[in-house]
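S.K.: The structure's right below; bear with me while I get my questions together.
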Amino acid sequence: MPPSHPTNQPTHTHTRPSHSQPHHPHTPLLLSLCSRRLMGNLLKVLACSDLEHGPIVFLDFEHAQPTEAETAVWNQVSAVLEEAHGILAELQSYNGAGQEIREAIQNPGDLQLQEKAWNAVCPLVAKLKRFYEFSLRLENALRSLLEALTSPPYAPMQHLEREQALAKQFAEILHFTLSFDELKMTNPAIQNDFSYYRRTISRNRLNNQQLEAENEVNNEMANRMSLFYAEATPMLKTLSNATTKFVSENKTLPIEDTTDCLSTMACVCRVMLETPEYRCRFTNTDTMLFCMRVMVGVIILYDHVHPVGAFAKTSKIDMKGCIKVLKEQPSNSVEGLLNALRYTTRHLNDDSTSKQIRALLQ
């Protein structure tokens, strides 16, 4: 059972409906927060499937534990998420081999400097390979979650209510993805190191020399990694492609089953961020950032999957509200998220997108 409200917080008289009870079509959105811990600020969220009305869904982002039916998928995804913190830590400490590469380029005849640069780049490329391979595991984890959260016979809202541990994992994947891409976008050393590595491999291949490092990152792997790191937001691109592929391969599953799940999560995060009485209770700034990243992540996935996207008037996501709540935050904390909306969405530049929304993102 979730903890009760502290006495100094407002309480609601609404009761959470059981799965067997029909939902009233005009139940208002409810949201209450009970804990001051990081994820605790997301403890109790009652949200609607669209902006004005819809069924209530209770999302427990702190204490959600997998039910027996969730356990198999939860274990699979948990194994992937356990690696996520280490991946972010490695990326955050990635300094690159810029100095060694510059010295080698400026002194092409100095074999000692060439070897020094090569020895500096190789372990970094091995690290970049691990990041890329992790994106493939993350893609599989997302697919498993989408299958679980959209499968018949339950409607999307019922899935979010019944499978809260999986909904929490879905949010954590998006949080990691946006965190990874923000770090990548601000670190040009990644592409510089990998470009030097590929040039050196090509040069030695022309000279009929095979370097030992090629055994770990062969030409085929290097081509795939090159495409991955050429993206401004590679992890988000991976998830967007995976979501689109999931929908196209499951032709008997209504697209709305996927998009309603995404739009609901966007709605929850937006309301938490834009409502002063809830936002002021956040004592940890990471909670705000978590909400913003999850919100942006589900918007982008929605935009890639929905036929008309997230920016059309018929969208179930309040894009003006979402963008405004981002722009109210310090620019250094949200510029990467705004860039993700600008450059990784599919429908922003469609004729159906209002001038107001485009202006907000300029």
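Chain lettering (A, B, ...) mirrors the order of the structure tokens, residue numbering begins at 1 for each chain separately, and ligand numbering begins at 1 in order of display.
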If we count only C-alpha atoms, what is near Lys237 (chain A) at a cut-off of 12 Å, once residues fewer than 3 positions away on the same chain are taken out, given as a CSV table (one decimal) with C-alpha atoms, in the first residue's frame?

M.R.:
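Once written, around.csv looks like this:
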chain,number,residue,atom,x,y,z
A,135,SER,CA,22.1,0.2,-27.7
A,136,LEU,CA,21.1,-3.1,-29.4
A,138,LEU,CA,18.3,-1.5,-25.1
A,139,GLU,CA,16.4,-1.8,-28.3
A,174,LEU,CA,13.9,7.0,-21.7
A,177,THR,CA,18.5,7.5,-23.5
A,178,LEU,CA,18.2,11.3,-23.2
A,180,PHE,CA,23.3,9.4,-23.0
A,181,ASP,CA,22.5,11.6,-26.0
A,227,LEU,CA,26.1,5.2,-38.8
A,228,PHE,CA,25.2,5.1,-35.1
A,229,TYR,CA,27.5,7.9,-34.0
A,230,ALA,CA,26.7,10.1,-37.0
A,231,GLU,CA,23.3,10.6,-35.4
A,232,ALA,CA,22.9,13.7,-33.2
A,233,THR,CA,21.0,11.6,-30.7
A,234,PRO,CA,22.0,8.0,-31.5
A,240,SER,CA,12.5,5.6,-32.4
A,241,ASN,CA,13.4,3.1,-35.1
A,242,ALA,CA,12.6,0.2,-32.7
A,243,THR,CA,9.2,1.6,-31.9
A,244,THR,CA,8.3,2.2,-35.5
A,297,GLY,CA,11.4,10.8,-24.9
A,300,ILE,CA,9.6,11.8,-29.9
A,301,LEU,CA,8.5,8.2,-29.9
A,304,HIS,CA,7.7,8.7,-35.0
A,340,ALA,CA,16.1,16.6,-29.5
A,341,LEU,CA,12.6,17.9,-30.2
A,343,TYR,CA,16.1,17.6,-34.8
A,344,THR,CA,14.9,14.0,-34.0
A,345,THR,CA,11.2,14.4,-34.4
A,346,ARG,CA,9.5,13.5,-37.7

S.K.: Quick one: residues within 10 Å of His159 (chain A), only C-alpha atoms counted, chain neighbours fewer than 6 positions away excluded, as a list in words?

M.R.: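 Within the cut-off, the hits are Val57, Ala148, Leu149, Thr150, Ser151, Pro152, Pro153, Leu166, Ala167, Asp257 and Cys261 of chain A.
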
S.K.: Output N, CA, C and O atoms for every residue in that selection, as a short mmCIF file (atom, residue, chain, number, x, y, z; two decimals), in the first residue's frame.

M.R.:
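Listed below is the output, part-v9.cif:
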data_model
loop_
_atom_site.label_atom_id
_atom_site.label_comp_id
_atom_site.auth_asym_id
_atom_site.auth_seq_id
_atom_site.Cartn_x
_atom_site.Cartn_y
_atom_site.Cartn_z
N VAL A 57 -5.42 6.31 -14.24
CA VAL A 57 -4.39 5.29 -14.12
C VAL A 57 -3.43 5.72 -13.02
O VAL A 57 -3.03 6.88 -12.96
N ALA A 148 4.63 -6.04 -23.81
CA ALA A 148 3.92 -6.28 -22.56
C ALA A 148 2.87 -5.20 -22.28
O ALA A 148 1.79 -5.49 -21.77
N LEU A 149 3.17 -3.95 -22.63
CA LEU A 149 2.30 -2.83 -22.28
C LEU A 149 1.21 -2.56 -23.32
O LEU A 149 0.38 -1.67 -23.11
N THR A 150 1.22 -3.30 -24.43
CA THR A 150 0.20 -3.07 -25.46
C THR A 150 -0.54 -4.33 -25.88
O THR A 150 -1.42 -4.27 -26.74
N SER A 151 -0.19 -5.47 -25.29
CA SER A 151 -0.76 -6.74 -25.76
C SER A 151 -2.22 -6.89 -25.35
O SER A 151 -2.64 -6.42 -24.29
N PRO A 152 -3.04 -7.56 -26.19
CA PRO A 152 -4.43 -7.85 -25.84
C PRO A 152 -4.46 -8.78 -24.61
O PRO A 152 -3.47 -9.46 -24.35
N PRO A 153 -5.56 -8.83 -23.88
CA PRO A 153 -6.85 -8.19 -24.16
C PRO A 153 -7.01 -6.83 -23.49
O PRO A 153 -8.08 -6.24 -23.59
N LEU A 166 6.74 -2.40 -15.00
CA LEU A 166 7.21 -2.28 -16.38
C LEU A 166 7.12 -0.83 -16.86
O LEU A 166 7.99 -0.37 -17.62
N ALA A 167 6.08 -0.11 -16.45
CA ALA A 167 5.95 1.30 -16.81
C ALA A 167 7.12 2.10 -16.24
O ALA A 167 7.67 3.01 -16.89
N ASP A 257 -2.95 1.72 -29.48
CA ASP A 257 -2.54 1.01 -28.26
C ASP A 257 -1.14 1.44 -27.82
O ASP A 257 -0.83 1.49 -26.63
N CYS A 261 -0.40 4.93 -24.83
CA CYS A 261 0.53 4.68 -23.73
C CYS A 261 1.57 5.81 -23.64
O CYS A 261 1.86 6.33 -22.56
#

S.K.: Tell me, as a list in words, which residues lie within 7 Å of region 79-89 of chain A, counting only C-alpha atoms; anything in the same chain fewer than 2 positions away does not count.

M.R.: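 That gives Asn75, Gln76, Val77, Leu91, Gln92, Ser93, Phe131, Arg137, Leu138, Phe176 and Phe180 of chain A.
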
S.K.: Produce a file of the selected residues containing all heavy atoms, as an mmCIF file, in the first residue's frame.

M.R.:
data_model
loop_
_atom_site.group_PDB
_atom_site.id
_atom_site.type_symbol
_atom_site.label_atom_id
_atom_site.label_comp_id
_atom_site.auth_asym_id
_atom_site.auth_seq_id
_atom_site.Cartn_x
_atom_site.Cartn_y
_atom_site.Cartn_z
ATOM 1 N N ASN A 75 12.714 -9.012 -15.373
ATOM 2 C CA ASN A 75 14.078 -9.526 -15.180
ATOM 3 C C ASN A 75 14.956 -9.243 -16.393
ATOM 4 O O ASN A 75 16.127 -8.871 -16.259
ATOM 5 C CB ASN A 75 14.048 -11.030 -14.902
ATOM 6 C CG ASN A 75 13.573 -11.345 -13.493
ATOM 7 O OD1 ASN A 75 13.630 -10.506 -12.601
ATOM 8 N ND2 ASN A 75 13.082 -12.564 -13.290
ATOM 9 N N GLN A 76 14.396 -9.436 -17.584
ATOM 10 C CA GLN A 76 15.151 -9.191 -18.812
ATOM 11 C C GLN A 76 15.563 -7.726 -18.911
ATOM 12 O O GLN A 76 16.732 -7.410 -19.192
ATOM 13 C CB GLN A 76 14.308 -9.575 -20.025
ATOM 14 C CG GLN A 76 14.980 -9.248 -21.362
ATOM 15 C CD GLN A 76 13.989 -9.218 -22.517
ATOM 16 O OE1 GLN A 76 12.899 -9.768 -22.425
ATOM 17 N NE2 GLN A 76 14.376 -8.561 -23.597
ATOM 18 N N VAL A 77 14.622 -6.832 -18.663
ATOM 19 C CA VAL A 77 14.899 -5.403 -18.776
ATOM 20 C C VAL A 77 15.805 -4.932 -17.641
ATOM 21 O O VAL A 77 16.696 -4.094 -17.845
ATOM 22 C CB VAL A 77 13.581 -4.602 -18.788
ATOM 23 C CG1 VAL A 77 13.854 -3.105 -18.821
ATOM 24 C CG2 VAL A 77 12.724 -5.010 -19.985
ATOM 25 N N LEU A 91 30.791 7.228 -20.342
ATOM 26 C CA LEU A 91 30.634 8.289 -21.332
ATOM 27 C C LEU A 91 30.958 9.651 -20.727
ATOM 28 O O LEU A 91 31.572 10.505 -21.373
ATOM 29 C CB LEU A 91 29.212 8.278 -21.880
ATOM 30 C CG LEU A 91 28.884 9.333 -22.944
ATOM 31 C CD1 LEU A 91 29.833 9.218 -24.135
ATOM 32 C CD2 LEU A 91 27.440 9.183 -23.402
ATOM 33 N N GLN A 92 30.557 9.856 -19.478
ATOM 34 C CA GLN A 92 30.816 11.134 -18.821
ATOM 35 C C GLN A 92 32.309 11.381 -18.633
ATOM 36 O O GLN A 92 32.775 12.520 -18.684
ATOM 37 C CB GLN A 92 30.108 11.157 -17.461
ATOM 38 C CG GLN A 92 29.949 12.553 -16.893
ATOM 39 C CD GLN A 92 28.787 12.629 -15.912
ATOM 40 O OE1 GLN A 92 28.332 11.608 -15.402
ATOM 41 N NE2 GLN A 92 28.309 13.822 -15.643
ATOM 42 N N SER A 93 33.071 10.314 -18.455
ATOM 43 C CA SER A 93 34.515 10.458 -18.242
ATOM 44 C C SER A 93 35.320 10.297 -19.540
ATOM 45 O O SER A 93 36.542 10.221 -19.507
ATOM 46 C CB SER A 93 34.994 9.416 -17.218
ATOM 47 O OG SER A 93 34.785 8.097 -17.704
ATOM 48 N N PHE A 131 29.351 0.779 -26.126
ATOM 49 C CA PHE A 131 28.182 1.659 -26.113
ATOM 50 C C PHE A 131 27.202 1.260 -27.223
ATOM 51 O O PHE A 131 25.988 1.206 -27.009
ATOM 52 C CB PHE A 131 28.584 3.121 -26.314
ATOM 53 C CG PHE A 131 29.457 3.689 -25.223
ATOM 54 C CD1 PHE A 131 30.119 4.892 -25.418
ATOM 55 C CD2 PHE A 131 29.599 3.048 -24.003
ATOM 56 C CE1 PHE A 131 30.908 5.439 -24.422
ATOM 57 C CE2 PHE A 131 30.396 3.573 -22.995
ATOM 58 C CZ PHE A 131 31.062 4.776 -23.216
ATOM 59 N N ARG A 137 21.002 -3.957 -27.099
ATOM 60 C CA ARG A 137 20.310 -4.602 -25.982
ATOM 61 C C ARG A 137 19.169 -3.724 -25.465
ATOM 62 O O ARG A 137 18.110 -4.231 -25.077
ATOM 63 C CB ARG A 137 21.305 -4.915 -24.857
ATOM 64 C CG ARG A 137 22.332 -5.978 -25.240
ATOM 65 C CD ARG A 137 23.048 -6.548 -24.035
ATOM 66 N NE ARG A 137 23.912 -5.583 -23.394
ATOM 67 C CZ ARG A 137 25.145 -5.288 -23.808
ATOM 68 N NH1 ARG A 137 25.628 -5.899 -24.884
ATOM 69 N NH2 ARG A 137 25.886 -4.415 -23.176
ATOM 70 N N LEU A 138 19.396 -2.412 -25.476
ATOM 71 C CA LEU A 138 18.338 -1.489 -25.059
ATOM 72 C C LEU A 138 17.152 -1.564 -26.021
ATOM 73 O O LEU A 138 15.994 -1.504 -25.594
ATOM 74 C CB LEU A 138 18.893 -0.067 -25.017
ATOM 75 C CG LEU A 138 18.131 0.952 -24.170
ATOM 76 C CD1 LEU A 138 18.263 0.624 -22.698
ATOM 77 C CD2 LEU A 138 18.640 2.361 -24.453
ATOM 78 N N PHE A 176 17.600 7.224 -19.323
ATOM 79 C CA PHE A 176 18.961 6.885 -19.729
ATOM 80 C C PHE A 176 19.254 7.382 -21.143
ATOM 81 O O PHE A 176 20.319 7.950 -21.415
ATOM 82 C CB PHE A 176 19.175 5.362 -19.681
ATOM 83 C CG PHE A 176 20.387 4.929 -20.470
ATOM 84 C CD1 PHE A 176 21.653 5.019 -19.924
ATOM 85 C CD2 PHE A 176 20.260 4.469 -21.785
ATOM 86 C CE1 PHE A 176 22.782 4.656 -20.655
ATOM 87 C CE2 PHE A 176 21.377 4.107 -22.520
ATOM 88 C CZ PHE A 176 22.634 4.204 -21.958
ATOM 89 N N PHE A 180 22.223 9.866 -22.113
ATOM 90 C CA PHE A 180 23.323 9.435 -22.981
ATOM 91 C C PHE A 180 23.503 10.402 -24.138
ATOM 92 O O PHE A 180 24.611 10.856 -24.446
ATOM 93 C CB PHE A 180 23.052 8.019 -23.509
ATOM 94 C CG PHE A 180 24.141 7.472 -24.393
ATOM 95 C CD1 PHE A 180 25.118 6.642 -23.874
ATOM 96 C CD2 PHE A 180 24.198 7.788 -25.746
ATOM 97 C CE1 PHE A 180 26.137 6.137 -24.682
ATOM 98 C CE2 PHE A 180 25.209 7.294 -26.572
ATOM 99 C CZ PHE A 180 26.177 6.462 -26.030
#

S.K.: What is the distance, in Å and to one decimal place, between CA of Leu337 (chain A) and CA of Lys324 (chain A)?

M.R.: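 Value for the CA of Leu337 (chain A)-CA of Lys324 (chain A) distance: 12.4 Å.
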
S.K.: So which residues of region 66-208 of chain A fall under helix (DSSP H, G or I) by DSSP, listed as a PyMOL selection string?

M.R.: chain A and resi 71-92+98-106+111-150+156-162+164-185+189-206

S.K.: Would you save the residues from that selection as an mmCIF file, in the first residue's frame, using C-alpha atoms?

M.R.:
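Listing of out_25.cif after writing:
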data_model
loop_
_atom_site.group_PDB
_atom_site.id
_atom_site.type_symbol
_atom_site.label_atom_id
_atom_site.label_comp_id
_atom_site.auth_asym_id
_atom_site.auth_seq_id
_atom_site.Cartn_x
_atom_site.Cartn_y
_atom_site.Cartn_z
ATOM 1 C CA THR A 71 8.537 -11.037 -13.738
ATOM 2 C CA ALA A 72 9.962 -12.537 -16.941
ATOM 3 C CA VAL A 73 10.020 -9.242 -18.837
ATOM 4 C CA TRP A 74 11.044 -7.279 -15.745
ATOM 5 C CA ASN A 75 14.078 -9.526 -15.180
ATOM 6 C CA GLN A 76 15.151 -9.191 -18.812
ATOM 7 C CA VAL A 77 14.899 -5.403 -18.776
ATOM 8 C CA SER A 78 16.427 -5.102 -15.307
ATOM 9 C CA ALA A 79 19.580 -6.862 -16.501
ATOM 10 C CA VAL A 80 19.955 -4.214 -19.208
ATOM 11 C CA LEU A 81 19.204 -1.280 -16.919
ATOM 12 C CA GLU A 82 21.827 -2.482 -14.437
ATOM 13 C CA GLU A 83 24.448 -1.715 -17.102
ATOM 14 C CA ALA A 84 23.039 1.727 -17.848
ATOM 15 C CA HIS A 85 24.662 3.544 -14.914
ATOM 16 C CA GLY A 86 28.088 2.190 -15.857
ATOM 17 C CA ILE A 87 27.612 3.203 -19.483
ATOM 18 C CA LEU A 88 26.736 6.778 -18.490
ATOM 19 C CA ALA A 89 29.688 6.963 -16.110
ATOM 20 C CA GLU A 90 32.071 5.801 -18.861
ATOM 21 C CA LEU A 91 30.634 8.289 -21.332
ATOM 22 C CA GLN A 92 30.816 11.134 -18.821
ATOM 23 C CA GLY A 98 42.587 14.684 -29.241
ATOM 24 C CA GLN A 99 46.112 15.696 -28.266
ATOM 25 C CA GLU A 100 47.695 12.434 -29.400
ATOM 26 C CA ILE A 101 45.794 12.571 -32.714
ATOM 27 C CA ARG A 102 46.837 16.199 -33.375
ATOM 28 C CA GLU A 103 50.496 15.402 -32.717
ATOM 29 C CA ALA A 104 50.352 12.386 -35.005
ATOM 30 C CA ILE A 105 48.713 14.362 -37.838
ATOM 31 C CA GLN A 106 51.154 17.246 -37.502
ATOM 32 C CA LEU A 111 56.389 6.679 -36.148
ATOM 33 C CA GLN A 112 56.583 6.982 -32.379
ATOM 34 C CA LEU A 113 53.840 9.620 -32.360
ATOM 35 C CA GLN A 114 51.756 7.522 -34.781
ATOM 36 C CA GLU A 115 51.998 4.563 -32.447
ATOM 37 C CA LYS A 116 51.200 6.713 -29.413
ATOM 38 C CA ALA A 117 48.030 8.022 -31.057
ATOM 39 C CA TRP A 118 46.992 4.547 -32.181
ATOM 40 C CA ASN A 119 47.506 3.107 -28.700
ATOM 41 C CA ALA A 120 45.441 5.943 -27.227
ATOM 42 C CA VAL A 121 42.565 5.532 -29.703
ATOM 43 C CA CYS A 122 42.171 1.733 -29.666
ATOM 44 C CA PRO A 123 40.855 1.365 -26.093
ATOM 45 C CA LEU A 124 38.512 4.288 -26.720
ATOM 46 C CA VAL A 125 37.108 2.617 -29.826
ATOM 47 C CA ALA A 126 36.595 -0.565 -27.829
ATOM 48 C CA LYS A 127 34.588 1.549 -25.367
ATOM 49 C CA LEU A 128 32.542 3.049 -28.222
ATOM 50 C CA LYS A 129 31.830 -0.462 -29.437
ATOM 51 C CA ARG A 130 30.458 -1.388 -26.004
ATOM 52 C CA PHE A 131 28.182 1.659 -26.113
ATOM 53 C CA TYR A 132 26.893 0.641 -29.542
ATOM 54 C CA GLU A 133 26.306 -2.953 -28.502
ATOM 55 C CA PHE A 134 24.436 -1.705 -25.440
ATOM 56 C CA SER A 135 22.089 0.241 -27.730
ATOM 57 C CA LEU A 136 21.126 -3.067 -29.361
ATOM 58 C CA ARG A 137 20.310 -4.602 -25.982
ATOM 59 C CA LEU A 138 18.338 -1.489 -25.059
ATOM 60 C CA GLU A 139 16.379 -1.845 -28.296
ATOM 61 C CA ASN A 140 15.439 -5.418 -27.397
ATOM 62 C CA ALA A 141 14.445 -4.342 -23.891
ATOM 63 C CA LEU A 142 12.185 -1.618 -25.267
ATOM 64 C CA ARG A 143 10.547 -4.069 -27.623
ATOM 65 C CA SER A 144 9.801 -6.449 -24.751
ATOM 66 C CA LEU A 145 8.231 -3.602 -22.761
ATOM 67 C CA LEU A 146 6.122 -2.449 -25.702
ATOM 68 C CA GLU A 147 4.857 -5.993 -26.228
ATOM 69 C CA ALA A 148 3.916 -6.276 -22.559
ATOM 70 C CA LEU A 149 2.301 -2.834 -22.282
ATOM 71 C CA THR A 150 0.202 -3.069 -25.464
ATOM 72 C CA PRO A 156 -3.378 0.749 -22.795
ATOM 73 C CA MET A 157 -4.711 2.414 -19.644
ATOM 74 C CA GLN A 158 -5.315 -0.968 -18.030
ATOM 75 C CA HIS A 159 -1.763 -2.019 -18.892
ATOM 76 C CA LEU A 160 -0.280 1.041 -17.202
ATOM 77 C CA GLU A 161 -2.371 0.386 -14.126
ATOM 78 C CA ARG A 162 -1.708 -3.355 -13.939
ATOM 79 C CA GLN A 164 3.448 -0.505 -13.036
ATOM 80 C CA ALA A 165 6.885 -2.058 -12.600
ATOM 81 C CA LEU A 166 7.213 -2.278 -16.382
ATOM 82 C CA ALA A 167 5.951 1.304 -16.811
ATOM 83 C CA LYS A 168 8.673 2.406 -14.396
ATOM 84 C CA GLN A 169 11.311 0.552 -16.427
ATOM 85 C CA PHE A 170 10.017 2.195 -19.597
ATOM 86 C CA ALA A 171 10.534 5.613 -17.987
ATOM 87 C CA GLU A 172 14.031 4.623 -16.813
ATOM 88 C CA ILE A 173 15.018 3.593 -20.353
ATOM 89 C CA LEU A 174 13.918 6.980 -21.672
ATOM 90 C CA HIS A 175 15.760 8.753 -18.847
ATOM 91 C CA PHE A 176 18.961 6.885 -19.729
ATOM 92 C CA THR A 177 18.508 7.495 -23.453
ATOM 93 C CA LEU A 178 18.163 11.255 -23.150
ATOM 94 C CA SER A 179 21.038 11.380 -20.644
ATOM 95 C CA PHE A 180 23.323 9.435 -22.981
ATOM 96 C CA ASP A 181 22.483 11.569 -25.995
ATOM 97 C CA GLU A 182 23.008 14.840 -24.130
ATOM 98 C CA LEU A 183 26.503 13.699 -23.143
ATOM 99 C CA LYS A 184 27.265 12.490 -26.661
ATOM 100 C CA MET A 185 26.102 15.718 -28.313
ATOM 101 C CA ALA A 189 35.938 13.729 -29.283
ATOM 102 C CA ILE A 190 33.775 10.655 -29.890
ATOM 103 C CA GLN A 191 33.444 11.172 -33.623
ATOM 104 C CA ASN A 192 36.964 12.582 -33.944
ATOM 105 C CA ASP A 193 38.478 9.499 -32.315
ATOM 106 C CA PHE A 194 36.414 7.114 -34.403
ATOM 107 C CA SER A 195 37.208 8.976 -37.652
ATOM 108 C CA TYR A 196 40.931 8.770 -36.909
ATOM 109 C CA TYR A 197 40.580 5.068 -36.161
ATOM 110 C CA ARG A 198 38.842 4.397 -39.485
ATOM 111 C CA ARG A 199 41.347 6.473 -41.471
ATOM 112 C CA THR A 200 44.223 4.589 -39.900
ATOM 113 C CA ILE A 201 42.601 1.218 -40.638
ATOM 114 C CA SER A 202 41.989 2.221 -44.269
ATOM 115 C CA ARG A 203 45.533 3.510 -44.711
ATOM 116 C CA ASN A 204 47.053 0.323 -43.348
ATOM 117 C CA ARG A 205 44.733 -1.829 -45.450
ATOM 118 C CA LEU A 206 46.016 -0.032 -48.565
#

S.K.: List as a list in words the protein and nucleic acid residues near Cys291 (chain A), meaning an atom at most 8 Å away when only C-alpha atoms are counted, but skip any in the same chain fewer than 6 places from it.

M.R.: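 Answer for this query is Cys269, Arg270, Met272 and Leu273 of chain A.
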
S.K.: Kindly indicate which residue among A:Glu328, A:Asp303, A:Asp110, A:Glu335 lies nearest to Asp350 (chain A), using only C-alpha atoms for the distances.

M.R.: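 Checking each candidate against Asp350 (chain A), we get A:Asp303 as the closest.
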
S.K.: Just checking: using only C-alpha atoms, which residue out of A:Glu163, A:Glu256, A:Phe246, A:Ala222 ends up closest to Glu70 (chain A)?

M.R.: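 Of all the options, A:Glu163 lies closest to Glu70 (chain A).
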
S.K.: Would you mind reading off the distance between CA of Asn187 (chain A) and CA of Arg358 (chain A), one decimal, in Å?

M.R.: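 For CA of Asn187 (chain A) relative to CA of Arg358 (chain A), the distance reads 27.5 Å.
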
S.K.: Could you pull the residues within 10 Å of Cys322 (chain A), counting only C-alpha atoms, minus those fewer than 2 positions along the same chain, as a short mmCIF file (atom, residue, chain, number, x, y, z; two decimals) with N, CA and C atoms, in the first residue's frame?

M.R.:
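Resulting contents of out_16.cif:
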data_model
loop_
_atom_site.label_atom_id
_atom_site.label_comp_id
_atom_site.auth_asym_id
_atom_site.auth_seq_id
_atom_site.Cartn_x
_atom_site.Cartn_y
_atom_site.Cartn_z
N ALA A 266 3.47 11.32 -21.32
CA ALA A 266 3.83 12.72 -21.58
C ALA A 266 2.94 13.65 -20.77
N CYS A 267 1.65 13.33 -20.71
CA CYS A 267 0.69 14.14 -19.96
C CYS A 267 1.03 14.17 -18.48
N CYS A 269 3.97 13.71 -16.98
CA CYS A 269 5.18 14.47 -16.71
C CYS A 269 4.94 15.98 -16.87
N ARG A 270 4.19 16.36 -17.91
CA ARG A 270 3.93 17.78 -18.12
C ARG A 270 3.20 18.39 -16.93
N VAL A 271 2.16 17.72 -16.46
CA VAL A 271 1.37 18.25 -15.35
C VAL A 271 2.22 18.39 -14.09
N LEU A 273 5.37 18.98 -13.97
CA LEU A 273 6.34 20.05 -14.14
C LEU A 273 5.70 21.44 -14.15
N GLU A 274 4.48 21.55 -14.66
CA GLU A 274 3.89 22.87 -14.83
C GLU A 274 3.00 23.30 -13.66
N MET A 292 11.49 15.76 -17.22
CA MET A 292 11.66 16.40 -18.52
C MET A 292 12.18 15.43 -19.56
N MET A 295 9.43 12.95 -20.52
CA MET A 295 8.42 13.64 -21.33
C MET A 295 8.90 13.82 -22.77
N VAL A 296 10.11 14.30 -22.95
CA VAL A 296 10.64 14.50 -24.30
C VAL A 296 10.79 13.17 -25.02
N ILE A 299 7.43 11.93 -26.25
CA ILE A 299 6.96 12.79 -27.35
C ILE A 299 7.60 12.36 -28.66
N ILE A 317 -1.12 14.93 -27.27
CA ILE A 317 -0.09 15.56 -26.45
C ILE A 317 -0.19 17.07 -26.59
N ASP A 318 -0.23 17.78 -25.47
CA ASP A 318 -0.26 19.24 -25.47
C ASP A 318 1.16 19.75 -25.71
N MET A 319 1.53 19.90 -27.00
CA MET A 319 2.90 20.27 -27.32
C MET A 319 3.26 21.67 -26.84
N LYS A 320 2.32 22.61 -26.94
CA LYS A 320 2.61 23.96 -26.45
C LYS A 320 2.96 23.92 -24.96
N LYS A 324 6.61 24.85 -23.44
CA LYS A 324 6.67 25.98 -22.52
C LYS A 324 7.26 25.59 -21.18
N VAL A 325 6.91 24.39 -20.69
CA VAL A 325 7.42 23.98 -19.39
C VAL A 325 8.92 23.70 -19.47
N LEU A 326 9.41 23.27 -20.63
CA LEU A 326 10.85 23.10 -20.82
C LEU A 326 11.56 24.45 -20.83
N LYS A 327 10.97 25.42 -21.53
CA LYS A 327 11.63 26.72 -21.70
C LYS A 327 11.60 27.55 -20.42
#
